[in-house]
file entry11.pdb (PDB, C-alpha atoms)
ATOM      1  CA  MET P  60    -127.802  32.097 148.328  1.00  0.00           C
ATOM      2  CA  SER P  61    -124.633  30.400 149.521  1.00  0.00           C
ATOM      3  CA  LYS P  62    -121.774  29.399 147.234  1.00  0.00           C
ATOM      4  CA  ILE P  63    -122.674  25.721 147.553  1.00  0.00           C
ATOM      5  CA  ASP P  64    -126.257  26.501 146.508  1.00  0.00           C
ATOM      6  CA  THR P  65    -124.942  28.423 143.508  1.00  0.00           C
ATOM      7  CA  ILE P  66    -122.661  25.552 142.518  1.00  0.00           C
ATOM      8  CA  LEU P  67    -125.483  23.022 142.823  1.00  0.00           C
ATOM      9  CA  ALA P  68    -127.780  25.249 140.772  1.00  0.00           C
ATOM     10  CA  ILE P  69    -125.143  25.549 138.031  1.00  0.00           C
ATOM     11  CA  LEU P  70    -124.564  21.781 138.018  1.00  0.00           C
ATOM     12  CA  GLY P  71    -128.330  21.225 137.773  1.00  0.00           C
ATOM     13  CA  ALA P  72    -128.561  23.657 134.860  1.00  0.00           C
ATOM     14  CA  LEU P  73    -125.662  21.890 133.112  1.00  0.00           C
ATOM     15  CA  MET P  74    -127.376  18.526 133.534  1.00  0.00           C
ATOM     16  CA  VAL P  75    -130.638  19.871 132.108  1.00  0.00           C
ATOM     17  CA  LEU P  76    -128.778  21.461 129.182  1.00  0.00           C
ATOM     18  CA  ALA P  77    -126.906  18.203 128.507  1.00  0.00           C
ATOM     19  CA  MET P  78    -130.097  16.128 128.617  1.00  0.00           C
ATOM     20  CA  LEU P  79    -131.927  18.527 126.302  1.00  0.00           C
ATOM     21  CA  ALA P  80    -128.986  18.578 123.889  1.00  0.00           C
ATOM     22  CA  ALA P  81    -128.771  14.766 123.884  1.00  0.00           C
ATOM     23  CA  LEU P  82    -132.515  14.442 123.359  1.00  0.00           C
ATOM     24  CA  GLY P  83    -132.388  16.977 120.543  1.00  0.00           C
ATOM     25  CA  ILE P  84    -129.543  15.138 118.851  1.00  0.00           C
ATOM     26  CA  VAL P  85    -131.268  11.753 119.058  1.00  0.00           C
ATOM     27  CA  LEU P  86    -134.608  13.097 117.821  1.00  0.00           C
ATOM     28  CA  GLY P  87    -132.951  15.194 115.120  1.00  0.00           C
ATOM     29  CA  LEU P  88    -130.920  12.282 113.782  1.00  0.00           C
ATOM     30  CA  ALA P  89    -133.936   9.979 113.807  1.00  0.00           C
ATOM     31  CA  MET P  90    -136.050  12.536 111.926  1.00  0.00           C
ATOM     32  CA  ALA P  91    -133.201  13.246 109.492  1.00  0.00           C
ATOM     33  CA  HIS P  92    -132.782   9.542 108.767  1.00  0.00           C
ATOM     34  CA  ASP P  93    -136.503   9.108 108.064  1.00  0.00           C
ATOM     35  CA  ASP P  94    -136.638  12.269 105.949  1.00  0.00           C
ATOM     36  CA  GLY P  95    -133.548  11.152 104.027  1.00  0.00           C
ATOM     37  CA  LEU P  96    -135.104   7.800 103.191  1.00  0.00           C
ATOM     38  CA  ALA P  97    -138.307   9.531 102.049  1.00  0.00           C
ATOM     39  CA  ALA P  98    -136.344  12.077  99.975  1.00  0.00           C
ATOM     40  CA  ASN P  99    -134.420   9.314  98.187  1.00  0.00           C
ATOM     41  CA  GLU P 100    -137.618   7.466  97.205  1.00  0.00           C
ATOM     42  CA  GLY P 101    -138.512   9.963  94.495  1.00  0.00           C
ATOM     43  CA  ARG P 102    -135.025  10.244  93.016  1.00  0.00           C
ATOM     44  CA  THR P 103    -133.306   8.281  90.306  1.00  0.00           C
ATOM     45  CA  THR P 104    -130.225   6.261  91.244  1.00  0.00           C
ATOM     46  CA  ALA P 105    -127.924   9.016  89.953  1.00  0.00           C
ATOM     47  CA  GLU P 106    -129.703  11.648  92.065  1.00  0.00           C
ATOM     48  CA  ARG P 107    -129.751   9.688  95.340  1.00  0.00           C
ATOM     49  CA  ASN P 108    -127.443  10.595  98.183  1.00  0.00           C
ATOM     50  CA  PRO P 109    -125.169   7.648  98.987  1.00  0.00           C
ATOM     51  CA  GLN P 110    -125.874   5.989 102.349  1.00  0.00           C
ATOM     52  CA  ILE P 111    -122.851   6.807 104.497  1.00  0.00           C
ATOM     53  CA  PRO P 112    -122.342   5.465 108.046  1.00  0.00           C
ATOM     54  CA  GLY P 113    -123.050   7.965 110.843  1.00  0.00           C
ATOM     55  CA  TRP P 114    -119.525   7.847 112.289  1.00  0.00           C
ATOM     56  CA  THR P 115    -118.080   8.642 108.870  1.00  0.00           C
ATOM     57  CA  LEU P 116    -120.458  11.605 108.549  1.00  0.00           C
ATOM     58  CA  LEU P 117    -119.468  12.813 112.020  1.00  0.00           C
ATOM     59  CA  ARG P 118    -115.752  12.584 111.138  1.00  0.00           C
ATOM     60  CA  ARG P 119    -116.423  14.544 107.953  1.00  0.00           C
ATOM     61  CA  ALA P 120    -118.346  17.192 109.913  1.00  0.00           C
ATOM     62  CA  LEU P 121    -115.543  17.589 112.454  1.00  0.00           C
ATOM     63  CA  ALA P 122    -113.029  17.851 109.604  1.00  0.00           C
ATOM     64  CA  LYS P 123    -115.358  20.382 107.884  1.00  0.00           C
ATOM     65  CA  ARG P 124    -115.522  18.231 104.735  1.00  0.00           C
ATOM     66  CA  CYS P 125    -118.338  17.520 102.288  1.00  0.00           C
ATOM     67  CA  PRO P 126    -120.799  14.943 103.655  1.00  0.00           C
ATOM     68  CA  ARG P 127    -121.170  13.304 100.242  1.00  0.00           C
ATOM     69  CA  CYS P 128    -117.554  12.811  99.114  1.00  0.00           C
ATOM     70  CA  GLY P 129    -115.490  13.694 102.193  1.00  0.00           C
ATOM     71  CA  GLN P 130    -112.941  15.490 100.015  1.00  0.00           C
ATOM     72  CA  GLY P 131    -114.164  19.045  99.416  1.00  0.00           C
ATOM     73  CA  ARG P 132    -113.955  21.733 102.059  1.00  0.00           C
ATOM     74  CA  ILE P 133    -117.265  23.089 103.367  1.00  0.00           C
ATOM     75  CA  PHE P 134    -115.684  26.510 104.054  1.00  0.00           C
ATOM     76  CA  LYS P 135    -113.908  29.024 101.823  1.00  0.00           C
ATOM     77  CA  SER P 136    -112.642  30.825 104.927  1.00  0.00           C
ATOM     78  CA  TYR P 137    -113.236  30.533 108.671  1.00  0.00           C
ATOM     79  CA  PHE P 138    -116.722  32.121 108.491  1.00  0.00           C
ATOM     80  CA  THR P 139    -117.671  31.772 104.797  1.00  0.00           C
ATOM     81  CA  MET P 140    -119.231  28.534 103.533  1.00  0.00           C
ATOM     82  CA  ASN P 141    -119.067  27.190 100.017  1.00  0.00           C
ATOM     83  CA  HIS P 142    -122.500  26.861  98.410  1.00  0.00           C
ATOM     84  CA  GLU P 143    -121.333  23.697  96.632  1.00  0.00           C
ATOM     85  CA  CYS P 144    -118.601  21.178  97.347  1.00  0.00           C
ATOM     86  CA  PRO P 145    -115.530  22.155  95.309  1.00  0.00           C
ATOM     87  CA  ALA P 146    -114.638  18.462  94.803  1.00  0.00           C
ATOM     88  CA  CYS P 147    -117.932  16.781  93.841  1.00  0.00           C
ATOM     89  CA  GLY P 148    -120.332  19.701  93.278  1.00  0.00           C
ATOM     90  CA  ALA P 149    -122.842  18.625  95.953  1.00  0.00           C
ATOM     91  CA  ILE P 150    -125.077  21.460  97.118  1.00  0.00           C
ATOM     92  CA  LEU P 151    -124.297  22.026 100.805  1.00  0.00           C
ATOM     93  CA  TRP P 152    -127.047  24.416 101.972  1.00  0.00           C
ATOM     94  CA  PRO P 153    -129.844  24.519  99.392  1.00  0.00           C
ATOM     95  CA  GLU P 154    -131.882  27.245 101.144  1.00  0.00           C
ATOM     96  CA  ARG P 155    -130.743  30.606 102.479  1.00  0.00           C
ATOM     97  CA  GLY P 156    -132.729  30.064 105.700  1.00  0.00           C
ATOM     98  CA  GLU P 157    -130.939  26.869 106.686  1.00  0.00           C
ATOM     99  CA  TRP P 158    -129.028  28.632 109.480  1.00  0.00           C
ATOM    100  CA  ILE P 159    -131.549  28.047 112.301  1.00  0.00           C
ATOM    101  CA  GLY P 160    -130.251  24.566 113.202  1.00  0.00           C
ATOM    102  CA  ALA P 161    -126.667  25.815 113.326  1.00  0.00           C
ATOM    103  CA  PHE P 162    -127.877  28.693 115.501  1.00  0.00           C
ATOM    104  CA  VAL P 163    -129.363  26.210 117.992  1.00  0.00           C
ATOM    105  CA  ILE P 164    -126.017  24.379 118.132  1.00  0.00           C
ATOM    106  CA  ASP P 165    -124.278  27.744 118.713  1.00  0.00           C
ATOM    107  CA  TRP P 166    -126.741  28.642 121.467  1.00  0.00           C
ATOM    108  CA  THR P 167    -126.312  25.294 123.220  1.00  0.00           C
ATOM    109  CA  ALA P 168    -122.511  25.482 123.092  1.00  0.00           C
ATOM    110  CA  THR P 169    -122.342  29.063 124.352  1.00  0.00           C
ATOM    111  CA  SER P 170    -124.868  28.357 127.128  1.00  0.00           C
ATOM    112  CA  GLY P 171    -122.778  25.382 128.201  1.00  0.00           C
ATOM    113  CA  ALA P 172    -119.606  27.494 128.100  1.00  0.00           C
ATOM    114  CA  ALA P 173    -121.274  30.167 130.241  1.00  0.00           C
ATOM    115  CA  LEU P 174    -122.408  27.632 132.831  1.00  0.00           C
ATOM    116  CA  VAL P 175    -119.041  25.855 132.966  1.00  0.00           C
ATOM    117  CA  THR P 176    -117.193  29.171 133.273  1.00  0.00           C
ATOM    118  CA  TRP P 177    -119.543  30.348 136.003  1.00  0.00           C
ATOM    119  CA  LEU P 178    -119.025  27.062 137.858  1.00  0.00           C
ATOM    120  CA  ALA P 179    -115.241  27.287 137.499  1.00  0.00           C
ATOM    121  CA  MET P 180    -115.211  30.884 138.699  1.00  0.00           C
ATOM    122  CA  SER P 181    -117.385  29.953 141.701  1.00  0.00           C
ATOM    123  CA  LEU P 182    -115.038  27.125 142.654  1.00  0.00           C
ATOM    124  CA  ILE P 183    -111.667  28.709 141.909  1.00  0.00           C
ATOM    125  CA  PHE P 184    -112.405  32.314 142.917  1.00  0.00           C
ATOM    126  CA  PRO P 185    -115.165  32.094 145.535  1.00  0.00           C
ATOM    127  CA  ASN P 186    -114.628  35.712 146.672  1.00  0.00           C
ATOM    128  CA  ALA P 187    -114.604  37.294 143.189  1.00  0.00           C
ATOM    129  CA  SER P 188    -116.990  40.172 142.628  1.00  0.00           C
ATOM    130  CA  GLU P 189    -120.116  39.615 140.556  1.00  0.00           C
ATOM    131  CA  SER P 190    -118.882  42.041 137.892  1.00  0.00           C
ATOM    132  CA  ALA P 191    -115.600  40.121 137.563  1.00  0.00           C
ATOM    133  CA  VAL P 192    -117.440  36.798 137.252  1.00  0.00           C
ATOM    134  CA  LEU P 193    -119.879  38.278 134.738  1.00  0.00           C
ATOM    135  CA  SER P 194    -117.010  39.725 132.671  1.00  0.00           C
ATOM    136  CA  VAL P 195    -115.209  36.371 132.513  1.00  0.00           C
ATOM    137  CA  VAL P 196    -118.451  34.524 131.676  1.00  0.00           C
ATOM    138  CA  LEU P 197    -119.219  37.023 128.896  1.00  0.00           C
ATOM    139  CA  ALA P 198    -115.705  36.637 127.477  1.00  0.00           C
ATOM    140  CA  SER P 199    -116.091  32.842 127.491  1.00  0.00           C
ATOM    141  CA  VAL P 200    -119.422  33.109 125.649  1.00  0.00           C
ATOM    142  CA  VAL P 201    -117.931  35.313 122.926  1.00  0.00           C
ATOM    143  CA  ALA P 202    -114.850  33.088 122.605  1.00  0.00           C
ATOM    144  CA  SER P 203    -116.892  29.874 122.455  1.00  0.00           C
ATOM    145  CA  LEU P 204    -119.185  31.372 119.826  1.00  0.00           C
ATOM    146  CA  LEU P 205    -116.251  32.371 117.634  1.00  0.00           C
ATOM    147  CA  ILE P 206    -114.750  28.902 118.056  1.00  0.00           C
ATOM    148  CA  ILE P 207    -117.953  26.867 117.467  1.00  0.00           C
ATOM    149  CA  ILE P 208    -119.341  28.682 114.399  1.00  0.00           C
ATOM    150  CA  PRO P 209    -117.621  26.607 111.677  1.00  0.00           C
ATOM    151  CA  TRP P 210    -118.320  23.307 113.418  1.00  0.00           C
ATOM    152  CA  SER P 211    -121.981  24.121 114.073  1.00  0.00           C
ATOM    153  CA  ARG P 212    -122.467  24.872 110.366  1.00  0.00           C
ATOM    154  CA  SER P 213    -120.553  21.736 109.454  1.00  0.00           C
ATOM    155  CA  LEU P 214    -122.658  19.580 111.807  1.00  0.00           C
ATOM    156  CA  TRP P 215    -125.850  21.174 110.474  1.00  0.00           C
ATOM    157  CA  THR P 216    -124.707  20.431 106.913  1.00  0.00           C
ATOM    158  CA  ILE P 217    -124.423  16.750 107.880  1.00  0.00           C
ATOM    159  CA  PHE P 218    -127.934  16.883 109.361  1.00  0.00           C
ATOM    160  CA  LEU P 219    -129.281  18.408 106.122  1.00  0.00           C
ATOM    161  CA  TYR P 220    -127.489  15.700 104.142  1.00  0.00           C
ATOM    162  CA  MET P 221    -129.033  12.956 106.278  1.00  0.00           C
ATOM    163  CA  ALA P 222    -132.455  14.572 105.852  1.00  0.00           C
ATOM    164  CA  GLY P 223    -132.029  14.555 102.081  1.00  0.00           C
ATOM    165  CA  ALA P 224    -132.149  18.359 101.925  1.00  0.00           C
ATOM    166  CA  SER P 225    -128.559  18.752 100.730  1.00  0.00           C
ATOM    167  CA  GLY P 226    -125.928  16.764  98.902  1.00  0.00           C
ATOM    168  CA  GLU P 227    -127.643  16.773  95.523  1.00  0.00           C
ATOM    169  CA  ILE P 228    -125.356  17.217  92.558  1.00  0.00           C
ATOM    170  CA  ARG P 229    -126.408  19.432  89.703  1.00  0.00           C
ATOM    171  CA  LEU P 230    -126.837  17.182  86.687  1.00  0.00           C
ATOM    172  CA  GLN P 231    -127.108  20.056  84.191  1.00  0.00           C
ATOM    173  CA  PRO P 232    -124.291  22.489  83.532  1.00  0.00           C
ATOM    174  CA  ARG P 233    -124.714  25.943  85.096  1.00  0.00           C
TER     175      ARG P 233
END
call {"tool": "encode", "arguments": {"input": "entry11.pdb", "output": "structure tokens"}}
result
Amino acid sequence: MSKIDTILAILGALMVLAMLAALGIVLGLAMAHDDGLAANEGRTTAERNPQIPGWTLLRRALAKRCPRCGQGRIFKSYFTMNHECPACGAILWPERGEWIGAFVIDWTATSGAALVTWLAMSLIFPNASESAVLSVVLASVVASLLIIIPWSRSLWTIFLYMAGASGEIRLQPR
């Protein structure tokens, strides 16, 4: 396989990954919106999650802030999440198994980083050995995973909030 074939294959894989990610985002947000409306139907006014515009939720996710109030931090430290918002008390991840969506975001980001790094290495260093390219791609995957982890959990928290699965405030004292 020639270098140009490799580059075209990588670009094709990036396009497929981007289309699948975009489709997943659109479908996920649509399902979350519908689930959130259904979840609010059975709640009293005090229990309902406030309807917050999508761009505001996205800004809160990127800032790693509570989807409900926008004030409290979602994380205690870089890798450790708060169970509840320290400002308003909203439950952020109600179930222990809520990590799968964040994992999919991690996987998509690291796959994209691997493909982009491979493409860059093919273009910038066309004569590099396969082991050198593989080493750089592996390093980019590990680095991108370490970088994306807090934001993937933050974005997934917003998704759970939109779906009505998080954001509830405990009405009784603990």
call {"tool": "resolve_selection", "arguments": {"input": "entry11.pdb", "expression": "the PyMOL selection byres ((chain P and resi 167) around 12)", "output": "ChimeraX atom specification"}}
result
/P:72-73,75-81,83-84,160-166,168-174,200,203-204,207-208,211
call {"tool": "resolve_selection", "arguments": {"input": "entry11.pdb", "expression": "the PyMOL selection byres ((chain P and resi 126) around 12)", "output": "PDB file with C-alpha atoms, in the frame of the given file"}}
result
ATOM      1  CA  ASN P 108    -127.443  10.595  98.183  1.00  0.00           C
ATOM      2  CA  PRO P 109    -125.169   7.648  98.987  1.00  0.00           C
ATOM      3  CA  GLN P 110    -125.874   5.989 102.349  1.00  0.00           C
ATOM      4  CA  ILE P 111    -122.851   6.807 104.497  1.00  0.00           C
ATOM      5  CA  PRO P 112    -122.342   5.465 108.046  1.00  0.00           C
ATOM      6  CA  GLY P 113    -123.050   7.965 110.843  1.00  0.00           C
ATOM      7  CA  TRP P 114    -119.525   7.847 112.289  1.00  0.00           C
ATOM      8  CA  THR P 115    -118.080   8.642 108.870  1.00  0.00           C
ATOM      9  CA  LEU P 116    -120.458  11.605 108.549  1.00  0.00           C
ATOM     10  CA  LEU P 117    -119.468  12.813 112.020  1.00  0.00           C
ATOM     11  CA  ARG P 118    -115.752  12.584 111.138  1.00  0.00           C
ATOM     12  CA  ARG P 119    -116.423  14.544 107.953  1.00  0.00           C
ATOM     13  CA  ALA P 120    -118.346  17.192 109.913  1.00  0.00           C
ATOM     14  CA  LEU P 121    -115.543  17.589 112.454  1.00  0.00           C
ATOM     15  CA  ALA P 122    -113.029  17.851 109.604  1.00  0.00           C
ATOM     16  CA  LYS P 123    -115.358  20.382 107.884  1.00  0.00           C
ATOM     17  CA  ARG P 124    -115.522  18.231 104.735  1.00  0.00           C
ATOM     18  CA  CYS P 125    -118.338  17.520 102.288  1.00  0.00           C
ATOM     19  CA  ARG P 127    -121.170  13.304 100.242  1.00  0.00           C
ATOM     20  CA  CYS P 128    -117.554  12.811  99.114  1.00  0.00           C
ATOM     21  CA  GLY P 129    -115.490  13.694 102.193  1.00  0.00           C
ATOM     22  CA  GLN P 130    -112.941  15.490 100.015  1.00  0.00           C
ATOM     23  CA  GLY P 131    -114.164  19.045  99.416  1.00  0.00           C
ATOM     24  CA  ARG P 132    -113.955  21.733 102.059  1.00  0.00           C
ATOM     25  CA  ILE P 133    -117.265  23.089 103.367  1.00  0.00           C
ATOM     26  CA  GLU P 143    -121.333  23.697  96.632  1.00  0.00           C
ATOM     27  CA  CYS P 144    -118.601  21.178  97.347  1.00  0.00           C
ATOM     28  CA  ALA P 146    -114.638  18.462  94.803  1.00  0.00           C
ATOM     29  CA  CYS P 147    -117.932  16.781  93.841  1.00  0.00           C
ATOM     30  CA  GLY P 148    -120.332  19.701  93.278  1.00  0.00           C
ATOM     31  CA  ALA P 149    -122.842  18.625  95.953  1.00  0.00           C
ATOM     32  CA  ILE P 150    -125.077  21.460  97.118  1.00  0.00           C
ATOM     33  CA  LEU P 151    -124.297  22.026 100.805  1.00  0.00           C
ATOM     34  CA  TRP P 152    -127.047  24.416 101.972  1.00  0.00           C
ATOM     35  CA  SER P 213    -120.553  21.736 109.454  1.00  0.00           C
ATOM     36  CA  LEU P 214    -122.658  19.580 111.807  1.00  0.00           C
ATOM     37  CA  TRP P 215    -125.850  21.174 110.474  1.00  0.00           C
ATOM     38  CA  THR P 216    -124.707  20.431 106.913  1.00  0.00           C
ATOM     39  CA  ILE P 217    -124.423  16.750 107.880  1.00  0.00           C
ATOM     40  CA  PHE P 218    -127.934  16.883 109.361  1.00  0.00           C
ATOM     41  CA  LEU P 219    -129.281  18.408 106.122  1.00  0.00           C
ATOM     42  CA  TYR P 220    -127.489  15.700 104.142  1.00  0.00           C
ATOM     43  CA  MET P 221    -129.033  12.956 106.278  1.00  0.00           C
ATOM     44  CA  ALA P 222    -132.455  14.572 105.852  1.00  0.00           C
ATOM     45  CA  GLY P 223    -132.029  14.555 102.081  1.00  0.00           C
ATOM     46  CA  ALA P 224    -132.149  18.359 101.925  1.00  0.00           C
ATOM     47  CA  SER P 225    -128.559  18.752 100.730  1.00  0.00           C
ATOM     48  CA  GLY P 226    -125.928  16.764  98.902  1.00  0.00           C
ATOM     49  CA  GLU P 227    -127.643  16.773  95.523  1.00  0.00           C
TER      50      GLU P 227
END
call {"tool": "atom_distance", "arguments": {"input": "entry11.pdb", "atom1": "CA of Leu197 in chain P", "atom2": "CA of Trp158 in chain P"}}
result
23.3 Å
call {"tool": "residues_around", "arguments": {"input": "entry11.pdb", "residues": "Ser181 in chain P", "least_positions_apart": "3", "cutoff": "10 Å", "atoms": "all atoms listed in the file", "output": "list in words"}}
result
Lys62, Ile63, Thr65, Ile66, Ile69, Val175, Thr176, Trp177, Leu178, Phe184, Pro185, Asn186, Ala187 and Val192 of chain P
call {"tool": "residues_near_point", "arguments": {"input": "entry11.pdb", "point": "(-116.2, 34.0, 109.6)", "cutoff": "10 Å", "atoms": "all atoms listed in the file", "output": "JSON list (two decimals) with C-alpha atoms, in the coordinates of the input"}}
result
[["chain", "number", "residue", "atom", "x", "y", "z"],
["P", 134, "PHE", "CA", -115.68, 26.51, 104.05],
["P", 135, "LYS", "CA", -113.91, 29.02, 101.82],
["P", 136, "SER", "CA", -112.64, 30.82, 104.93],
["P", 137, "TYR", "CA", -113.24, 30.53, 108.67],
["P", 138, "PHE", "CA", -116.72, 32.12, 108.49],
["P", 139, "THR", "CA", -117.67, 31.77, 104.80],
["P", 140, "MET", "CA", -119.23, 28.53, 103.53],
["P", 205, "LEU", "CA", -116.25, 32.37, 117.63],
["P", 206, "ILE", "CA", -114.75, 28.90, 118.06],
["P", 208, "ILE", "CA", -119.34, 28.68, 114.40],
["P", 209, "PRO", "CA", -117.62, 26.61, 111.68]]
call {"tool": "closest_residue", "arguments": {"input": "entry11.pdb", "among": "P:Trp210, P:Met180, P:Met74, P:Ile159", "to": "Leu193 in chain P", "atoms": "only C-alpha atoms"}}
result
P:Met180
call {"tool": "closest_residue", "arguments": {"input": "entry11.pdb", "among": "P:Ser61, P:Val201, P:Leu70, P:Pro153", "to": "Ala179 in chain P", "atoms": "all atoms listed in the file"}}
result
P:Leu70
call {"tool": "atom_distance", "arguments": {"input": "entry11.pdb", "atom1": "CA of Glu157 in chain P", "atom2": "CA of Val196 in chain P"}}
result
29.0 Å
call {"tool": "atom_distance", "arguments": {"input": "entry11.pdb", "atom1": "CA of Ser199 in chain P", "atom2": "CA of Asn141 in chain P"}}
result
28.2 Å
